[in-house]
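Containing PDB, C-alpha atoms: start.pdb.
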```pdb
ATOM      1  CA  MET A   8       0.000   0.000   0.000
ATOM      2  CA  PRO A   9       1.240   3.550  -0.682
ATOM      3  CA  LEU A  10       2.446   5.642   2.205
ATOM      4  CA  GLU A  11      -0.182   7.911   3.758
ATOM      5  CA  LYS A  12       0.369  11.446   4.953
ATOM      6  CA  MET A  13       0.819  11.400   8.714
ATOM      7  CA  ASN A  14      -2.186  13.535   9.651
ATOM      8  CA  GLU A  15      -4.480  11.714   7.214
ATOM      9  CA  PHE A  16      -3.320   8.335   8.510
ATOM     10  CA  PHE A  17      -4.319   9.167  12.075
ATOM     11  CA  ASN A  18      -7.428  11.148  11.145
ATOM     12  CA  THR A  19      -8.933   8.096   9.446
ATOM     13  CA  ARG A  20      -8.072   5.853  12.409
ATOM     14  CA  ALA A  21      -9.077   8.124  15.278
ATOM     15  CA  ASP A  22     -12.264   6.207  16.092
ATOM     16  CA  THR A  23     -10.438   2.865  16.363
ATOM     17  CA  TYR A  24      -7.112   4.055  17.766
ATOM     18  CA  ASP A  25      -7.803   3.258  21.429
ATOM     19  CA  HIS A  26      -8.968  -0.260  20.592
ATOM     20  CA  HIS A  27      -5.875  -0.812  18.485
ATOM     21  CA  MET A  28      -3.501   0.307  21.237
ATOM     22  CA  LEU A  29      -5.246  -1.305  24.211
ATOM     23  CA  VAL A  30      -6.618  -4.490  22.620
ATOM     24  CA  ASP A  31      -4.742  -5.253  19.409
ATOM     25  CA  LEU A  32      -1.341  -4.248  20.822
ATOM     26  CA  ALA A  33      -2.252  -5.065  24.464
ATOM     27  CA  LEU A  34      -0.531  -1.941  25.802
ATOM     28  CA  ASP A  35      -2.660  -1.508  28.918
ATOM     29  CA  VAL A  36       0.308  -2.408  31.136
ATOM     30  CA  PHE A  37       2.443   0.065  29.213
ATOM     31  CA  TYR A  38       0.127   2.956  30.059
ATOM     32  CA  GLU A  39       0.094   1.907  33.706
ATOM     33  CA  GLU A  40       3.895   1.954  33.729
ATOM     34  CA  ILE A  41       3.890   5.395  32.145
ATOM     35  CA  ALA A  42       1.585   6.716  34.883
ATOM     36  CA  ASN A  43       3.900   5.275  37.532
ATOM     37  CA  CYS A  44       6.832   7.176  36.012
ATOM     38  CA  VAL A  45       5.175  10.546  36.555
ATOM     39  CA  GLN A  46       6.051  11.368  40.164
ATOM     40  CA  PRO A  47       6.524  15.123  40.488
ATOM     41  CA  ASP A  48       7.471  16.635  43.813
ATOM     42  CA  LYS A  49       4.489  19.004  43.855
ATOM     43  CA  PRO A  50       0.715  18.424  43.659
ATOM     44  CA  ILE A  51       0.121  20.853  40.796
ATOM     45  CA  PHE A  52       2.501  20.647  37.880
ATOM     46  CA  LYS A  53       2.669  21.370  34.163
ATOM     47  CA  LEU A  54       2.867  18.513  31.655
ATOM     48  CA  LEU A  55       3.529  18.716  27.931
ATOM     49  CA  ASP A  56       2.202  15.716  25.978
ATOM     50  CA  VAL A  57       4.087  15.446  22.675
ATOM     51  CA  GLY A  58       2.040  13.548  20.092
ATOM     52  CA  CYS A  59      -0.870  13.247  22.504
ATOM     53  CA  GLY A  60      -3.261  11.578  20.047
ATOM     54  CA  THR A  61      -6.529  10.616  21.745
ATOM     55  CA  GLY A  62      -4.987  11.009  25.205
ATOM     56  CA  ILE A  63      -5.037   7.357  26.304
ATOM     57  CA  GLU A  64      -2.056   8.043  28.552
ATOM     58  CA  LEU A  65      -3.880  10.857  30.366
ATOM     59  CA  LYS A  66      -6.599   8.654  31.900
ATOM     60  CA  ARG A  67      -4.388   7.123  34.577
ATOM     61  CA  LEU A  68      -2.461  10.344  35.039
ATOM     62  CA  TYR A  69      -5.631  12.269  35.854
ATOM     63  CA  GLU A  70      -6.590   9.570  38.340
ATOM     64  CA  LYS A  71      -3.270  10.086  40.139
ATOM     65  CA  HIS A  72      -2.870  13.831  39.531
ATOM     66  CA  PRO A  73      -6.304  15.398  38.965
ATOM     67  CA  ASN A  74      -5.006  18.952  39.206
ATOM     68  CA  MET A  75      -2.138  18.744  36.742
ATOM     69  CA  SER A  76      -2.041  21.262  33.896
ATOM     70  CA  VAL A  77      -1.764  19.669  30.448
ATOM     71  CA  THR A  78      -0.695  20.984  27.068
ATOM     72  CA  GLY A  79      -1.042  18.488  24.235
ATOM     73  CA  ILE A  80       0.199  18.701  20.665
ATOM     74  CA  ASP A  81      -0.728  16.477  17.745
ATOM     75  CA  LEU A  82      -0.996  16.665  13.950
ATOM     76  CA  SER A  83      -4.429  15.051  13.766
ATOM     77  CA  PRO A  84      -7.525  17.193  14.439
ATOM     78  CA  GLU A  85      -9.663  14.048  14.707
ATOM     79  CA  MET A  86      -7.442  12.566  17.377
ATOM     80  CA  LEU A  87      -7.618  15.824  19.316
ATOM     81  CA  ARG A  88     -11.400  15.812  18.993
ATOM     82  CA  GLN A  89     -11.455  12.371  20.615
ATOM     83  CA  LEU A  90      -9.253  13.681  23.432
ATOM     84  CA  ARG A  91     -11.540  16.645  24.106
ATOM     85  CA  GLU A  92     -14.571  14.347  24.305
ATOM     86  CA  LYS A  93     -12.827  12.137  26.878
ATOM     87  CA  TYR A  94     -11.950  14.932  29.282
ATOM     88  CA  PRO A  95     -14.660  17.605  28.985
ATOM     89  CA  ASP A  96     -14.169  18.777  32.565
ATOM     90  CA  LYS A  97     -10.410  19.213  32.310
ATOM     91  CA  LYS A  98      -8.619  22.372  31.351
ATOM     92  CA  ILE A  99      -6.327  21.176  28.567
ATOM     93  CA  GLU A 100      -4.579  23.353  26.037
ATOM     94  CA  LEU A 101      -4.420  21.544  22.694
ATOM     95  CA  ILE A 102      -2.239  22.486  19.753
ATOM     96  CA  CYS A 103      -3.022  21.008  16.341
ATOM     97  CA  GLY A 104       0.248  21.026  14.467
ATOM     98  CA  SER A 105       3.726  19.602  14.080
ATOM     99  CA  TYR A 106       5.917  19.348  17.138
ATOM    100  CA  PHE A 107       8.811  20.267  14.866
ATOM    101  CA  ASP A 108       7.305  23.685  14.165
ATOM    102  CA  ALA A 109       5.020  24.630  17.052
ATOM    103  CA  PRO A 110       6.729  26.686  19.781
ATOM    104  CA  PHE A 111       6.833  25.125  23.242
ATOM    105  CA  GLU A 112       6.749  27.082  26.475
ATOM    106  CA  ASN A 113       9.781  26.628  28.718
ATOM    107  CA  ASP A 114       8.237  26.003  32.130
ATOM    108  CA  PHE A 115       7.054  22.403  32.027
ATOM    109  CA  ASP A 116       7.794  20.062  34.921
ATOM    110  CA  VAL A 117       7.231  16.954  32.790
ATOM    111  CA  VAL A 118       7.365  16.308  29.066
ATOM    112  CA  LEU A 119       5.758  13.054  28.002
ATOM    113  CA  SER A 120       5.573  11.157  24.733
ATOM    114  CA  THR A 121       3.931   7.761  24.269
ATOM    115  CA  TYR A 122       4.181   5.700  21.098
ATOM    116  CA  SER A 123       4.580   8.760  18.901
ATOM    117  CA  LEU A 124       8.224   9.407  18.072
ATOM    118  CA  HIS A 125       9.105   6.174  16.253
ATOM    119  CA  HIS A 126       8.389   7.794  12.883
ATOM    120  CA  TRP A 127      11.570   9.878  12.815
ATOM    121  CA  ASN A 128      15.234   9.256  12.056
ATOM    122  CA  GLU A 129      18.101  10.244  14.351
ATOM    123  CA  THR A 130      18.546  13.736  12.929
ATOM    124  CA  GLU A 131      14.844  14.520  13.207
ATOM    125  CA  LYS A 132      14.566  12.988  16.647
ATOM    126  CA  LEU A 133      17.491  14.994  18.011
ATOM    127  CA  LYS A 134      15.664  18.188  17.010
ATOM    128  CA  ILE A 135      12.594  17.059  18.955
ATOM    129  CA  TYR A 136      14.629  16.037  21.990
ATOM    130  CA  LYS A 137      16.373  19.419  22.056
ATOM    131  CA  LYS A 138      12.975  21.147  21.992
ATOM    132  CA  CYS A 139      11.778  18.919  24.830
ATOM    133  CA  PHE A 140      14.921  19.697  26.828
ATOM    134  CA  ASP A 141      14.480  23.441  26.325
ATOM    135  CA  SER A 142      10.815  23.284  27.361
ATOM    136  CA  LEU A 143      11.613  21.836  30.813
ATOM    137  CA  ILE A 144      12.360  23.603  34.053
ATOM    138  CA  ASP A 145      15.638  22.731  35.792
ATOM    139  CA  ASN A 146      15.433  19.148  37.103
ATOM    140  CA  GLY A 147      12.366  18.541  34.923
ATOM    141  CA  ILE A 148      11.943  15.127  33.338
ATOM    142  CA  PHE A 149      11.209  13.826  29.862
ATOM    143  CA  ILE A 150       9.468  10.453  29.715
ATOM    144  CA  ASN A 151       9.517   8.679  26.369
ATOM    145  CA  GLY A 152       7.684   5.383  26.058
ATOM    146  CA  ASP A 153       7.890   4.078  22.535
ATOM    147  CA  TYR A 154       8.275   1.321  19.987
ATOM    148  CA  THR A 155      11.945   0.308  19.796
ATOM    149  CA  CYS A 156      13.942  -2.311  17.904
ATOM    150  CA  LYS A 157      16.730  -4.581  19.094
ATOM    151  CA  THR A 158      19.732  -4.053  16.811
ATOM    152  CA  ALA A 159      21.498  -1.403  14.744
ATOM    153  CA  GLU A 160      20.927  -3.594  11.706
ATOM    154  CA  GLN A 161      17.170  -3.426  12.242
ATOM    155  CA  GLU A 162      17.402   0.360  12.580
ATOM    156  CA  GLN A 163      19.167   0.600   9.259
ATOM    157  CA  ASN A 164      16.756  -1.766   7.536
ATOM    158  CA  TYR A 165      13.712   0.252   8.609
ATOM    159  CA  GLN A 166      15.248   3.527   7.477
ATOM    160  CA  SER A 167      16.521   2.142   4.180
ATOM    161  CA  GLU A 168      13.078   0.789   3.389
ATOM    162  CA  LEU A 169      11.476   4.156   4.076
ATOM    163  CA  VAL A 170      13.961   5.863   1.750
ATOM    164  CA  ARG A 171      13.194   3.275  -0.936
ATOM    165  CA  LEU A 172       9.431   3.744  -0.593
ATOM    166  CA  ARG A 173       9.653   7.529  -0.718
ATOM    167  CA  GLN A 174      11.786   7.364  -3.851
ATOM    168  CA  GLU A 175       9.526   4.775  -5.447
ATOM    169  CA  GLU A 176       6.449   6.915  -4.802
ATOM    170  CA  ASN A 177       8.276  10.155  -5.707
ATOM    171  CA  LEU A 178       7.385  11.796  -2.388
ATOM    172  CA  THR A 179       8.756  15.176  -1.367
ATOM    173  CA  ASP A 180      10.900  15.588   1.734
ATOM    174  CA  ASN A 181       8.777  18.407   3.169
ATOM    175  CA  GLU A 182       5.755  16.204   3.935
ATOM    176  CA  PHE A 183       5.324  13.757   6.847
ATOM    177  CA  TYR A 184       4.334  10.240   5.825
ATOM    178  CA  HIS A 185       3.425   7.424   8.157
ATOM    179  CA  TYR A 186       6.052   4.704   8.437
ATOM    180  CA  ASP A 187       7.634   3.139  11.520
ATOM    181  CA  ILE A 188      11.402   3.507  11.865
ATOM    182  CA  PRO A 189      12.082   2.505  15.493
ATOM    183  CA  LEU A 190      15.526   2.958  17.006
ATOM    184  CA  THR A 191      17.222   0.874  19.670
ATOM    185  CA  ALA A 192      17.066   1.952  23.308
ATOM    186  CA  GLU A 193      20.831   2.481  23.106
ATOM    187  CA  THR A 194      20.468   4.920  20.211
ATOM    188  CA  GLU A 195      17.631   6.688  22.008
ATOM    189  CA  THR A 196      19.840   7.096  25.079
ATOM    190  CA  LYS A 197      22.686   8.501  22.977
ATOM    191  CA  LEU A 198      20.362  11.068  21.368
ATOM    192  CA  LEU A 199      18.912  12.167  24.707
ATOM    193  CA  TYR A 200      22.380  12.824  26.091
ATOM    194  CA  ALA A 201      23.256  14.698  22.885
ATOM    195  CA  ALA A 202      20.165  16.856  23.411
ATOM    196  CA  GLY A 203      21.580  17.975  26.765
ATOM    197  CA  PHE A 204      19.938  15.731  29.342
ATOM    198  CA  VAL A 205      22.071  15.074  32.418
ATOM    199  CA  THR A 206      20.840  11.556  33.189
ATOM    200  CA  VAL A 207      19.018   9.004  31.070
ATOM    201  CA  GLU A 208      17.554   5.808  32.524
ATOM    202  CA  LEU A 209      15.956   2.857  30.765
ATOM    203  CA  VAL A 210      13.295   2.117  33.368
ATOM    204  CA  LYS A 211      11.355  -0.601  31.561
ATOM    205  CA  ALA A 212      11.790  -2.689  28.415
ATOM    206  CA  TRP A 213       9.736  -5.576  27.156
ATOM    207  CA  GLY A 214       9.015  -6.888  23.689
ATOM    208  CA  ASN A 215       9.341  -3.977  21.275
ATOM    209  CA  THR A 216       8.584  -1.346  23.907
ATOM    210  CA  SER A 217      10.951   0.762  26.007
ATOM    211  CA  ILE A 218      10.398   3.521  28.540
ATOM    212  CA  LEU A 219      13.217   5.992  29.139
ATOM    213  CA  ILE A 220      13.345   8.845  31.635
ATOM    214  CA  ALA A 221      15.726  11.730  30.955
ATOM    215  CA  ARG A 222      16.350  14.471  33.515
ATOM    216  CA  LYS A 223      17.443  18.008  32.708
TER
END
```

Exercise: express the given structure as structure tokens:
Amino acid sequence: MPLEKMNEFFNTRADTYDHHMLVDLALDVFYEEIANCVQPDKPIFKLLDVGCGTGIELKRLYEKHPNMSVTGIDLSPEMLRQLREKYPDKKIELICGSYFDAPFENDFDVVLSTYSLHHWNETEKLKIYKKCFDSLIDNGIFINGDYTCKTAEQEQNYQSELVRLRQEENLTDNEFYHYDIPLTAETETKLLYAAGFVTVELVKAWGNTSILIARK
């Protein structure tokens, strides 16, 4: 099948996204682990959700931290519509756009991303990680739970295939297209340190999923 533009891919799947993540991929435990990683030292804190989608990850977080302030950013207006419908009583600022381009504030206690950043190569990801670093207060944390692969060879194979497909379909470089190019946890750690983080910890890894916490 031809590659789909990123926003169109998720727009057309917004109504089934939660089922896919929680049932098809059985990631319920993953979201519980993510919630356990968010342990700020104050009752009211600011969280930036990068690639927030339908906000599956926010359910458990609101149960633990009902007064947190959330800013979410995502390319898909339909996914953001689903998020708004889930949390009508919460004050959430939502930004529909690319996290490469949209400006982030610089006073977040926590930056979070769940199963969103595995569509980007190392150069692109480093740009995102630097933006996340700059958006945090001192001692703030970035939590990235995502799809990862096991070896450098797998990394290269995914990226080479994406290059081949883009060339085959004559796609321009200035458009985002949906394709998974996961990196290893080791590469992720290297990029987070390169972005400026002081410590990076792999707190959980199972199957093709890893959760890393980086502290500014």

Here's the selection I'm unsure about, the PyMOL selection byres ((chain A and resi 95-103) around 10); applied to the file above, which residues does it give, as a PyMOL selection string?
chain A and resi 55-59+69+73-88+90-94+104-106+109-110

Smallest atom-to-atom distance to Asp145 (chain A): which of A:Glu131, A:Asp187, A:Asp116, A:Glu193, using all atoms listed in the file?
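Distance minimum relative to Asp145 (chain A) lands on A:Asp116.
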
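Checking A:Asp114, A:Glu70, A:Glu195, A:Glu175 one by one against Ile218 (chain A), counting only C-alpha atoms, you find the shortest gap at A:Glu195.
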
For Leu219 (chain A), the nearest of the candidates A:Ala201, A:Gln46, A:Asp22, A:Ile150, counting only C-alpha atoms
A:Ile150

Contacts of Tyr38 (chain A) at 8 Å or less, counting all atoms listed in the file, minus same-chain residues fewer than 2 places along, as a PyMOL selection string?
chain A and resi 34-36+40-42+63-64+67

Step by step, work through what the PyMOL selection byres ((chain A and resi 182) around 12) selects in the shown file, and finish by giving those residues as a VMD selection string.
chain A and resid 10 to 15 105 173 177 to 181 183 to 185

Quick one: write out the picked residues with C-alpha atoms as a compact mmCIF listing (two decimals), keeping the file's coordinate frame?
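Generated output (again-v7.txt):
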```txt
# COMPACT_ATOMS: atom_id res chain seq x y z
CA LEU A 10 2.45 5.64 2.20
CA GLU A 11 -0.18 7.91 3.76
CA LYS A 12 0.37 11.45 4.95
CA MET A 13 0.82 11.40 8.71
CA ASN A 14 -2.19 13.54 9.65
CA GLU A 15 -4.48 11.71 7.21
CA SER A 105 3.73 19.60 14.08
CA ARG A 173 9.65 7.53 -0.72
CA ASN A 177 8.28 10.15 -5.71
CA LEU A 178 7.38 11.80 -2.39
CA THR A 179 8.76 15.18 -1.37
CA ASP A 180 10.90 15.59 1.73
CA ASN A 181 8.78 18.41 3.17
CA PHE A 183 5.32 13.76 6.85
CA TYR A 184 4.33 10.24 5.82
CA HIS A 185 3.42 7.42 8.16
```

Find the spatial neighbours of region 125-127 of chain A, counting only C-alpha atoms, within a cut-off of 8 Å - ignore same-chain residues fewer than 4 positions away - and output them as a list in words.
Glu131, Lys132, Asp153, Tyr154, Thr155, His185, Tyr186, Asp187, Ile188, Pro189 and Leu190 of chain A

Between A:Ile148, A:Val118, A:Leu68, A:Ala159, smallest distance to Glu208 (chain A) by only C-alpha atoms belongs to A:Ile148

Could you tell me how far CA of Glu39 (chain A) lies from CA of His26 (chain A), in Å and to one decimal?
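For CA of Glu39 (chain A) relative to CA of His26 (chain A), the distance reads 16.1 Å.
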
For CA of Met8 (chain A) and CA of Asn164 (chain A), quote the distance in Å rounded to one decimal.
18.5 Å

Rank A:Thr130, A:Gln89, A:Thr19, A:Ser142 by their smallest atom-to-atom distance to Val117 (chain A), using only C-alpha atoms, and report the top residue only.
A:Ser142
